[in-house]
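Chemist: Mind looking over this structure? Questions follow.
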Amino acid sequence: MHDASGTHPAPLSWAQTSTPAHEAAKMNVRTRVLRLSRDLAKSIKRRHRGVLMYLLRVGVPIHPQVTVGKEVRSLIQLALRKDLPSAMLMRAHHAKLQLCGESTDPRGNPTQRLLRHMIDHSEQYEAGARDWVASLPARGDGPLATRMHAVAISMGADMPAVHPTWPPPGVAMEYNGSSLELAPERRQHVEQYWSEVAVLRREEAKALAPYYWGKLRRAARARAIYFYWLGLAQESQCAAGGAGRRADAAAYVEDGFAGPQ
């Protein structure tokens with residue numbers, strides 16, 4: 001949801017703009033995300049990177065507060081322990097490098113707690129995981145499914161973009177990998193998620209409509225003011241003795257259309 005200038009809308013207070021339908025839509029999407037997060041965790045544990053890529057491509061977010069297992073691990077921590085390439089793939093799709101229950105900087109760079117845990121318990125992590133995290137790998141900048149997901153990543157100018165259309169362009173519902181890797185019910189989970197996301201996107205559009213109508217009104221007023229002052233400037237430039245008239249006369253002489261004055 002970038003505007004024409006490439007900036008993001010000013011943060012809105014959902015308490016002021018949300019409707020019961022909007023809140024219900026957010027809750028339904030959160031429920032679907034939690035269900036699909038189980039599939040993300042299974043893909044990480046089994047090193048099924050094709051399935052993981054599929055889930056990320058269809059818009060399943062890596063929620064930083066989703067916990068896995070009795071030790072209350074985040075999805076990214078699980079990947080750092082089980083399969084480093086999966087962690088790299090997740091980082092390219094906005095995953096924050098943190099333990100559960102932590103806040104991070106806007107780019108989701110690794111927290112001190114995560115780095116300390118990786119140092120103190122290095123035997124629990126994949127070889128090379130600590131060095132990769134310490135290198136501060138850049139977060140991906142691809143678009144997300146909804147504004148709710150984008151706000152969860154970062155607010156303000158660093159907030160990720162939202163897909164202009166839904167479903168994501170060029171992404172098919174079908175998975176072309178091994179049928180043994182992708183359980184049949186997973187397609188149903190994705191279909192339900194896509195449907196709930198579409199509903200939430202409509203509600204978000206309604207909530208953002210006043211902002212964009214206000215932006216359009218401001219642009220229309222600014223256009224009228226701009227052309228008013230441009231007209232005054234041109235009249236002054238082209239009046240007798242004006243700099244614009246003198247420049248035009250000099251150009252005519254230089255091009256041979258008139259003699260020296």
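Order determines the names: the first chain of the structure tokens is A, the second B, and so forth; residues in each chain are numbered 1 upward, and ligands are numbered 1 upward as they are shown.
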With stretch 21-37 of chain A as the partner and 12 Å as the cut-off, tabulate the residues of stretch 86-189 of chain A that qualify, each row holding the nearest pair of atoms and their distance in Å to one decimal, using only C-alpha atoms, sorted by chain and rising number, as CSV.

Modeler:
```
residue,atom,partner,partner_atom,distance
A:Ala145,CA,A:Val29,CA,10.4
A:Thr146,CA,A:Lys26,CA,9.7
A:Arg147,CA,A:Lys26,CA,10.4
A:Met148,CA,A:Lys26,CA,7.7
A:His149,CA,A:Arg30,CA,9.7
A:Ala152,CA,A:Arg30,CA,11.8
A:Glu185,CA,A:Leu36,CA,11.0
A:Arg186,CA,A:Leu36,CA,8.2
A:Arg187,CA,A:Leu36,CA,10.5
A:Gln188,CA,A:Leu36,CA,10.6
A:His189,CA,A:Leu36,CA,6.9
```

Chemist: Taking the DSSP secondary structure from the backbone, can you list the residues of stretch 19-160 of chain A that are helix (DSSP H, G or I), as an MDAnalysis selection string?

Modeler: chainID A and resid 20:45 49:57 75:82 84:91 112:120 122:124 129:134 147:153 156:158

Chemist: Need the shell around A:Glu102: protein/DNA/RNA residues with any atom at most 10 Å away, counting only C-alpha atoms. Skip same-chain ones fewer than 2 positions apart. Format as a list of chain:residue names?

Modeler: A:Pro64, A:Gln65, A:Lys96, A:Leu97, A:Gln98, A:Leu99, A:Cys100, A:Thr104, A:Thr111, A:Arg113, A:Leu114

Chemist: Selected residues, N, CA and C atoms, written as a PDB file, in the first residue's frame, please.

Modeler:
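Result file is selection39.pdb:
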```
ATOM      1  N   PRO A  64       6.562 -13.561  14.670  1.00  0.00           N
ATOM      2  CA  PRO A  64       7.668 -13.624  15.639  1.00  0.00           C
ATOM      3  C   PRO A  64       7.257 -14.157  17.003  1.00  0.00           C
ATOM      4  N   GLN A  65       5.946 -14.167  17.317  1.00  0.00           N
ATOM      5  CA  GLN A  65       5.507 -14.605  18.630  1.00  0.00           C
ATOM      6  C   GLN A  65       4.955 -16.033  18.643  1.00  0.00           C
ATOM      7  N   LYS A  96      12.241 -12.244  11.820  1.00  0.00           N
ATOM      8  CA  LYS A  96      13.047 -11.503  12.784  1.00  0.00           C
ATOM      9  C   LYS A  96      13.974 -12.465  13.517  1.00  0.00           C
ATOM     10  N   LEU A  97      15.203 -12.038  13.722  1.00  0.00           N
ATOM     11  CA  LEU A  97      16.192 -12.874  14.402  1.00  0.00           C
ATOM     12  C   LEU A  97      16.093 -12.610  15.904  1.00  0.00           C
ATOM     13  N   GLN A  98      15.192 -13.349  16.553  1.00  0.00           N
ATOM     14  CA  GLN A  98      14.926 -13.122  17.961  1.00  0.00           C
ATOM     15  C   GLN A  98      14.393 -14.385  18.623  1.00  0.00           C
ATOM     16  N   LEU A  99      14.481 -14.400  19.935  1.00  0.00           N
ATOM     17  CA  LEU A  99      13.790 -15.407  20.716  1.00  0.00           C
ATOM     18  C   LEU A  99      12.341 -14.971  20.880  1.00  0.00           C
ATOM     19  N   CYS A 100      11.519 -15.819  21.443  1.00  0.00           N
ATOM     20  CA  CYS A 100      10.117 -15.460  21.618  1.00  0.00           C
ATOM     21  C   CYS A 100       9.970 -14.375  22.681  1.00  0.00           C
ATOM     22  N   THR A 104      12.416  -6.066  18.667  1.00  0.00           N
ATOM     23  CA  THR A 104      13.641  -5.891  17.887  1.00  0.00           C
ATOM     24  C   THR A 104      13.636  -4.538  17.231  1.00  0.00           C
ATOM     25  N   THR A 111      18.933 -10.123  18.305  1.00  0.00           N
ATOM     26  CA  THR A 111      18.937  -9.557  19.645  1.00  0.00           C
ATOM     27  C   THR A 111      20.120 -10.095  20.438  1.00  0.00           C
ATOM     28  N   ARG A 113      19.993 -11.310  23.399  1.00  0.00           N
ATOM     29  CA  ARG A 113      19.599 -12.568  24.051  1.00  0.00           C
ATOM     30  C   ARG A 113      19.801 -13.756  23.126  1.00  0.00           C
ATOM     31  N   LEU A 114      19.440 -13.592  21.841  1.00  0.00           N
ATOM     32  CA  LEU A 114      19.623 -14.691  20.897  1.00  0.00           C
ATOM     33  C   LEU A 114      21.102 -15.001  20.712  1.00  0.00           C
TER      34      LEU A 114
END
```

Chemist: Of the candidates A:Leu55, A:Leu80, A:Ala224, A:Ala172, which shows the shortest atom-to-atom distance to A:Arg130, using only C-alpha atoms?

Modeler: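 Comparing A:Leu55, A:Leu80, A:Ala224, A:Ala172 against A:Arg130, the winner is A:Leu80.
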
Chemist: Grab the atom CA of A:Asp248 to atom CA of A:Ala233 distance for me, in Å with one decimal place.

Modeler: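 Computed distance, atom CA of A:Asp248 to atom CA of A:Ala233, equals 15.6 Å.
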
Chemist: Identify all residues of stretch 23-239 of chain A in strand (DSSP E or B) (DSSP on the backbone) and supply them as a PyMOL selection string.

Modeler: chain A and resi 67-68+73-74+144+162

Chemist: What is the distance between atom CA of A:Val66 and atom CA of A:Arg38, in Å to one decimal?

Modeler: 9.4 Å

Chemist: Can you tell me how far atom CA of A:Pro61 sits from atom CA of A:Pro143, in Å to one decimal?

Modeler: 10.7 Å

Chemist: Using only C-alpha atoms for the distances, tell me which of A:Ile153, A:Met173, A:Met159, A:Ala127 is nearest to A:Arg57.

Modeler: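 When distances to A:Arg57 are compared using only C-alpha atoms, the smallest one comes from A:Met173.
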
Chemist: Can you list, as a ChimeraX atom specification, every protein, DNA or RNA residue that comes within 9 Å of A:Ala41 when you count only C-alpha atoms, leaving out same-chain residues fewer than 3 positions away?

Modeler: /A:36-38,44-46,52,68,75,78-79

Chemist: Here is a test: counting only C-alpha atoms, which residue of A:His117, A:Ala205, A:Ala129, A:Arg47 is nearest to A:Arg73?

Modeler: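 Nearest to A:Arg73: A:His117.
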